[in-house]
Each structure stands twice: as structure tokens, then as C-alpha cells.
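Pasted below: upload_0.csv, CSV, C-alpha atoms.
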chain,number,residue,atom,x,y,z
A,1,MET,CA,-29.3,-17.5,20.7
A,2,ASP,CA,-27.4,-17.0,17.4
A,3,GLN,CA,-28.9,-13.5,17.0
A,4,GLU,CA,-28.0,-12.6,20.6
A,5,LEU,CA,-24.5,-13.9,20.1
A,6,THR,CA,-24.2,-11.9,16.9
A,7,ALA,CA,-25.4,-8.7,18.6
A,8,TRP,CA,-22.8,-9.3,21.4
A,9,GLN,CA,-20.1,-9.9,18.9
A,10,ARG,CA,-21.0,-6.7,17.1
A,11,LYS,CA,-20.8,-4.8,20.4
A,12,ARG,CA,-17.3,-6.2,21.0
A,13,ILE,CA,-16.1,-5.3,17.5
A,14,GLU,CA,-17.5,-1.8,17.9
A,15,LEU,CA,-15.9,-1.4,21.3
A,16,LYS,CA,-12.5,-2.5,19.9
A,17,TRP,CA,-12.9,-0.1,17.0
A,18,ARG,CA,-13.6,2.8,19.3
A,19,ARG,CA,-10.6,1.9,21.5
A,20,ALA,CA,-8.4,1.7,18.4
A,21,PHE,CA,-9.7,5.0,17.2
A,22,VAL,CA,-9.0,6.7,20.6
A,23,ARG,CA,-5.4,5.3,20.5
A,24,GLN,CA,-4.9,6.6,17.0
A,25,GLU,CA,-6.2,10.0,18.1
A,26,LEU,CA,-3.8,10.1,21.0
A,27,LYS,CA,-1.0,9.0,18.7
A,28,ALA,CA,-1.9,11.9,16.4
A,29,ARG,CA,-1.6,14.4,19.2
A,30,TRP,CA,2.0,13.2,19.8
A,31,SER,CA,3.1,12.7,16.2
A,32,LEU,CA,1.6,16.1,15.1
A,33,ARG,CA,2.8,18.0,18.1
A,34,LYS,CA,5.1,20.2,16.0
A,35,VAL,CA,2.3,21.2,13.6
A,36,ASN,CA,1.3,24.8,13.7
A,37,GLN,CA,-2.4,24.1,13.3
A,38,ARG,CA,-4.1,20.8,13.7
A,39,GLY,CA,-7.8,20.1,12.8
A,40,GLN,CA,-10.2,17.9,14.6
A,41,ARG,CA,-10.3,14.1,14.6
A,42,CYS,CA,-6.8,13.6,13.2
A,43,VAL,CA,-5.5,10.0,13.6
A,44,VAL,CA,-2.1,8.3,13.2
A,45,LEU,CA,-1.4,4.6,12.8
A,46,GLY,CA,2.2,3.5,13.4
A,47,SER,CA,5.2,5.8,13.9
A,48,PRO,CA,5.6,8.3,11.0
A,49,VAL,CA,8.1,11.1,11.1
A,50,VAL,CA,6.3,14.4,11.0
A,51,ASP,CA,8.6,17.4,11.6
A,52,GLY,CA,7.7,20.1,9.1
A,53,SER,CA,8.6,23.4,10.5
A,54,ASP,CA,5.7,25.3,8.9
A,55,MET,CA,2.9,22.8,8.7
A,56,GLU,CA,-0.9,23.0,9.0
A,57,VAL,CA,-3.4,20.1,8.7
A,58,GLY,CA,-7.2,20.2,8.4
A,59,ASP,CA,-9.9,18.0,10.0
A,60,ASP,CA,-9.8,14.2,9.7
A,61,PHE,CA,-6.1,14.2,8.7
A,62,LYS,CA,-5.0,10.6,8.6
A,63,VAL,CA,-1.4,9.2,8.4
A,64,TRP,CA,-0.4,5.5,8.4
A,65,SER,CA,3.2,4.3,8.8
A,66,GLY,CA,4.2,0.7,9.0
A,67,HIS,CA,7.0,-1.6,7.5
A,68,ARG,CA,8.1,1.5,5.6
A,69,THR,CA,8.3,4.8,7.5
A,70,THR,CA,6.1,7.7,6.3
A,71,LEU,CA,8.0,11.0,6.2
A,72,ILE,CA,6.4,14.5,6.2
A,73,SER,CA,9.1,17.1,6.6
A,74,GLY,CA,10.9,20.2,5.4
A,75,TRP,CA,11.4,23.8,6.3
A,76,GLY,CA,9.0,25.1,3.6
A,77,LYS,CA,5.3,25.7,3.9
A,78,LEU,CA,3.2,22.5,4.1
A,79,ARG,CA,-0.6,22.9,4.0
A,80,PHE,CA,-3.0,19.9,4.0
A,81,GLY,CA,-6.8,20.3,3.7
A,82,ASP,CA,-9.6,18.3,5.3
A,83,ARG,CA,-9.9,14.6,5.0
A,84,VAL,CA,-6.4,14.0,3.6
A,85,PHE,CA,-5.0,10.5,3.9
A,86,VAL,CA,-1.3,9.7,3.7
A,87,ASN,CA,-0.4,6.0,3.4
A,88,VAL,CA,2.6,3.9,4.4
A,89,GLY,CA,6.0,4.8,3.1
A,90,THR,CA,5.0,8.1,1.5
A,91,THR,CA,7.6,10.9,1.5
A,92,ILE,CA,6.4,14.6,1.4
A,93,ILE,CA,9.2,17.2,1.8
A,94,ALA,CA,8.6,20.9,1.3
A,95,VAL,CA,11.6,23.3,0.8
A,96,GLU,CA,9.5,26.1,-0.6
A,97,GLN,CA,5.8,25.2,-0.6
A,98,ILE,CA,3.5,22.2,-1.0
A,99,VAL,CA,-0.3,22.8,-0.8
A,100,VAL,CA,-2.7,19.8,-0.7
A,101,GLY,CA,-6.5,20.3,-1.0
A,102,ASP,CA,-9.4,18.6,0.6
A,103,ASP,CA,-10.2,14.9,0.1
A,104,VAL,CA,-6.8,13.9,-1.2
A,105,ALA,CA,-5.4,10.4,-0.8
A,106,PHE,CA,-1.8,9.4,-1.1
A,107,ALA,CA,-1.3,5.7,-1.7
A,108,ASN,CA,1.8,3.8,-0.4
A,109,ASP,CA,5.3,4.9,-1.3
A,110,VAL,CA,4.3,8.2,-3.0
A,111,TYR,CA,7.1,10.8,-3.4
A,112,VAL,CA,6.4,14.5,-3.4
A,113,MET,CA,9.2,17.1,-3.1
A,114,ASP,CA,9.4,20.7,-4.4
A,115,SER,CA,13.1,20.7,-4.8
A,116,ASP,CA,15.6,18.5,-6.8
A,117,SER,CA,18.1,19.1,-4.0
A,118,HIS,CA,21.0,19.1,-6.6
A,119,GLY,CA,21.6,20.4,-10.0
A,120,VAL,CA,23.3,18.6,-13.0
A,121,GLU,CA,25.8,19.7,-15.6
A,122,GLY,CA,26.9,22.6,-13.4
A,123,ARG,CA,23.3,24.1,-13.3
A,124,PRO,CA,21.6,25.2,-10.1
A,125,HIS,CA,19.0,22.8,-8.7
A,126,ARG,CA,15.3,23.3,-9.5
A,127,GLN,CA,12.9,24.4,-6.8
A,128,ALA,CA,9.3,25.4,-7.2
A,129,PRO,CA,6.0,25.1,-5.3
A,130,ILE,CA,3.6,22.1,-5.7
A,131,THR,CA,-0.2,22.3,-5.6
A,132,ILE,CA,-2.5,19.2,-5.5
A,133,GLY,CA,-6.1,20.0,-6.0
A,134,ASP,CA,-9.2,18.8,-4.1
A,135,GLY,CA,-10.2,15.2,-4.5
A,136,CYS,CA,-7.1,13.8,-6.1
A,137,TRP,CA,-5.9,10.2,-5.7
A,138,ILE,CA,-2.1,9.7,-6.0
A,139,GLY,CA,-1.3,6.1,-6.9
A,140,ALA,CA,1.3,3.9,-5.3
A,141,ARG,CA,4.9,4.9,-6.0
A,142,ALA,CA,3.9,7.9,-8.0
A,143,MET,CA,6.3,10.9,-8.0
A,144,ILE,CA,5.3,14.5,-8.1
A,145,LEU,CA,8.2,16.8,-9.0
A,146,PRO,CA,8.9,20.5,-8.4
A,147,GLY,CA,6.7,23.2,-10.0
A,148,VAL,CA,3.7,20.9,-10.7
A,149,THR,CA,0.1,22.0,-10.2
A,150,ILE,CA,-2.4,19.1,-10.2
A,151,GLY,CA,-6.1,20.0,-10.8
A,152,LYS,CA,-9.1,18.7,-8.9
A,153,ARG,CA,-10.2,15.1,-8.9
A,154,VAL,CA,-7.2,13.9,-10.8
A,155,LEU,CA,-6.2,10.2,-10.7
A,156,VAL,CA,-2.4,9.8,-10.9
A,157,ALA,CA,-1.7,6.2,-11.8
A,158,ALA,CA,0.7,4.0,-9.9
A,159,GLY,CA,4.3,4.6,-10.8
A,160,ALA,CA,3.6,7.8,-12.7
A,161,VAL,CA,6.2,10.6,-12.7
A,162,VAL,CA,4.4,13.9,-12.9
A,163,THR,CA,6.6,16.6,-14.4
A,164,ARG,CA,4.0,19.1,-15.7
A,165,ASP,CA,0.7,20.6,-14.8
A,166,VAL,CA,-2.4,18.3,-14.9
A,167,PRO,CA,-5.9,19.5,-15.8
A,168,ASP,CA,-9.0,18.8,-13.6
A,169,ASP,CA,-10.8,15.5,-13.9
A,170,SER,CA,-8.2,13.5,-15.7
A,171,LEU,CA,-6.2,10.3,-15.5
A,172,VAL,CA,-2.5,10.6,-15.9
A,173,ALA,CA,0.0,7.7,-16.3
A,174,GLY,CA,3.6,7.0,-17.4
A,175,ASN,CA,7.1,8.5,-17.2
A,176,PRO,CA,6.8,11.4,-17.8
A,177,ALA,CA,3.1,11.3,-16.9
A,178,ARG,CA,0.6,12.2,-19.7
A,179,VAL,CA,-3.2,12.5,-19.8
A,180,VAL,CA,-4.7,9.1,-20.7
A,181,ARG,CA,-8.3,10.2,-20.6
A,182,GLN,CA,-10.8,12.6,-19.0
A,183,LEU,CA,-12.7,11.3,-16.0
A,184,ASN,CA,-16.5,11.6,-15.8
A,185,TYR,CA,-17.9,11.9,-12.2
A,186,PRO,CA,-21.5,11.7,-10.9
A,187,ALA,CA,-22.9,15.1,-10.0
A,188,GLY,CA,-21.7,16.2,-6.6
A,189,CYS,CA,-18.8,13.7,-6.4
A,190,ARG,CA,-15.9,15.3,-4.7
A,191,ARG,CA,-13.0,12.9,-5.1
A,192,ALA,CA,-11.3,10.5,-7.5
A,193,TRP,CA,-11.1,7.6,-5.0
A,194,HIS,CA,-14.4,5.9,-4.2
A,195,ASP,CA,-15.5,3.7,-1.4
A,196,GLU,CA,-18.5,3.1,0.8
A,197,TRP,CA,-18.0,6.4,2.6
A,198,CYS,CA,-17.7,8.4,-0.6
A,199,PRO,CA,-20.1,11.4,-0.6
A,200,CYS,CA,-21.4,10.6,-4.1
A,201,PRO,CA,-25.1,11.5,-4.4
A,202,LYS,CA,-25.7,9.9,-7.8
A,203,VAL,CA,-24.2,6.5,-6.8
A,204,ALA,CA,-26.1,6.5,-3.5
A,205,ALA,CA,-29.3,7.2,-5.5
A,206,VAL,CA,-28.6,4.3,-7.8
A,207,GLU,CA,-27.9,1.9,-4.9
A,208,ASP,CA,-31.2,3.0,-3.2
A,209,THR,CA,-33.1,2.3,-6.4
A,210,GLU,CA,-31.5,-1.2,-6.8
A,211,ALA,CA,-32.5,-2.0,-3.2
A,212,VAL,CA,-36.1,-1.1,-3.9
A,213,VAL,CA,-36.1,-3.2,-7.1
A,214,GLU,CA,-34.8,-6.2,-5.1
A,215,GLU,CA,-37.4,-5.8,-2.4
A,216,THR,CA,-40.3,-5.6,-4.9
A,217,ALA,CA,-39.0,-8.4,-7.1
Could you write out this structure as C-alpha cells?
Amino acid sequence: MDQELTAWQRKRIELKWRRAFVRQELKARWSLRKVNQRGQRCVVLGSPVVDGSDMEVGDDFKVWSGHRTTLISGWGKLRFGDRVFVNVGTTIIAVEQIVVGDDVAFANDVYVMDSDSHGVEGRPHRQAPITIGDGCWIGARAMILPGVTIGKRVLVAAGAVVTRDVPDDSLVAGNPARVVRQLNYPAGCRRAWHDEWCPCPKVAAVEDTEAVVEETA
């Protein structure tokens, strides 16, 4: 009886999950209606403001907006790759160009803008494109300023202010952000952020080996 009840509960949970996913897909169609090109399986949770005038997103694009509104805007070029995640309260504004690669995650309250909007001491404002490489993880309340190119699989620590280019496979932190250390990934790992869905062959192989050891012990 307990097993039958458990199976029934699992079906209910799965059904609720599917319904929620469909709702989020429908919300994405509305929220991303102004996007020039939209990939497949995009989902939106909450009510973000997405009104970039020259914007393209890849497959599995995901945006969350909650107690703080997520804003993706600007009249510049905005390009997002596949499997990009934008969390609550993040602001991404392109005046010239912002290009984001595949498998990139923005934590909550991240700020990315390719223009300073105003100059100081009588000088003109600074404006330059931003590029964020594949597999990067941008930590909570980090800031990425104009003209920065971030390499692949970079981890930007929470609260970091990135003012200069960042090499591949590195951890940066501080204000201004500096390289703390190089990151060593398993072969085939595509991204800095890791969870149970991470396509990480070496870690999966290790987990399988541990499972075999437990079964034979």
C-alpha cells in the first residue's frame, strides 16, 4: 500500500511539474514576444521586463523574476546562446553589444551594461561591447562593466566588479576583480556551475564507480 501510494504521489508531482513547465513556456512566449529570434523550450518564471530591440536567444533560455524584477533591455545587440539562465533581479542592458555564450548562468542581482551612461570630469562616457564566454557562472551581485571580455568557464565571485578581461578557466573576485586561481575541470566539462544535470563525463564516471563499490560491499 505504501509503495502504491508513493507511486501515485510521484505521478501527481510529475503532473504538477509538467503543468508548471507548460505555464512557464507560455509565459516565455509572451515575455519574449519582442525577441527577434527565440530558441526552443524557453521558459519564464514571474514577470521580467524583456524589451531589447535587437535581441536573440538560443534553446532552453530561462529567466526568473520575483521580488526584484529582472530587466533585459537596450537598443544595442543582445545575443544569448543555448541553456542560459538569468536569475531574479539581474539587469542586462546593451547600448552597443552584449554577447553571452552557451551554458552561462547569471545569479541574482547581477549587473551587466556596456555603457557608463555618463562621463565624469567633463569626459565623454565610456561605451564598449561585452562578451561572456561559454560555461561561465556570474555570482550574485557581481558587476560586469563596459569593454570586458570574459573567457570560457569563468567563475565570477559574488560581489565582484569586473573591469578588465578575464582568461579562460579562472576564478575572479574583488573590486576591481582579479584572478584568484585557475580552475581545473574534468575532461568534457562545459560549465563552471555544477549540479545533477551537469554534462560532466568524469564526475558521472566516478559516481557510477562509487555505486558499484557500494553494491559489492
Distance CA of Ile130 in chain A-CA of Ile93 in chain A, one decimal place? 10.6 Å
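Within 7 Å of range 28-43 of chain A, once only C-alpha atoms are used and residues closer than 5 positions along the same chain are dropped, the contacting residues are Val50, Asp51, Asp54, Met55, Glu56, Val57, Gly58, Asp59, Asp60, Phe61, Lys62 and Val63 of chain A.
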Selected residues written out, C-alpha atoms, as a tab-separated table (two decimals), keeping the file's coordinate frame:
chain	number	residue	atom	x	y	z
A	50	VAL	CA	6.30	14.40	11.00
A	51	ASP	CA	8.60	17.40	11.60
A	54	ASP	CA	5.70	25.30	8.90
A	55	MET	CA	2.90	22.80	8.70
A	56	GLU	CA	-0.90	23.00	9.00
A	57	VAL	CA	-3.40	20.10	8.70
A	58	GLY	CA	-7.20	20.20	8.40
A	59	ASP	CA	-9.90	18.00	10.00
A	60	ASP	CA	-9.80	14.20	9.70
A	61	PHE	CA	-6.10	14.20	8.70
A	62	LYS	CA	-5.00	10.60	8.60
A	63	VAL	CA	-1.40	9.20	8.40
Which residues of range 11-107 of chain A come within 6 Å of range 133-145 of chain A, and what is each one's closest atom pair and distance in Å (one decimal), counting all atoms listed in the file, sorted by chain and residue number, as JSON lines?
{"residue": "A:Gly101", "atom": "CA", "partner": "A:Asp134", "partner_atom": "CA", "distance": 4.4}
{"residue": "A:Asp102", "atom": "CA", "partner": "A:Asp134", "partner_atom": "CA", "distance": 4.7}
{"residue": "A:Asp103", "atom": "CA", "partner": "A:Gly135", "partner_atom": "CA", "distance": 4.6}
{"residue": "A:Val104", "atom": "CA", "partner": "A:Cys136", "partner_atom": "CA", "distance": 4.9}
{"residue": "A:Ala105", "atom": "CA", "partner": "A:Trp137", "partner_atom": "CA", "distance": 4.9}
{"residue": "A:Phe106", "atom": "CA", "partner": "A:Ile138", "partner_atom": "CA", "distance": 4.9}
{"residue": "A:Ala107", "atom": "CA", "partner": "A:Ala140", "partner_atom": "CA", "distance": 4.8}
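Within a radius of 6 Å around (8.9, 22.2, -7.8), the polymer residues are A:Asp114, A:Ser115, A:Gln127, A:Ala128, A:Pro129, A:Ile130, A:Leu145, A:Pro146, A:Gly147, counting only C-alpha atoms.
CA of Ser170 in chain A is found 19.4 Å from CA of Val84 in chain A.
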Considering only C-alpha atoms, return as number ranges by chain whatever protein or nucleic-acid residues lie within 6 Å of Ala94 in chain A, sequence-local ones (same chain, fewer than 4 positions apart) excluded. A: 74, 76, 98, 113-114
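One finds CA of Ala158 in chain A at 17.0 Å from CA of Arg191 in chain A.
Minimum atom-to-atom distance to Ser117 in chain A, evaluated using all atoms listed in the file, belongs to A:Glu96 out of A:Thr131, A:Glu96, A:Leu171, A:Val161.
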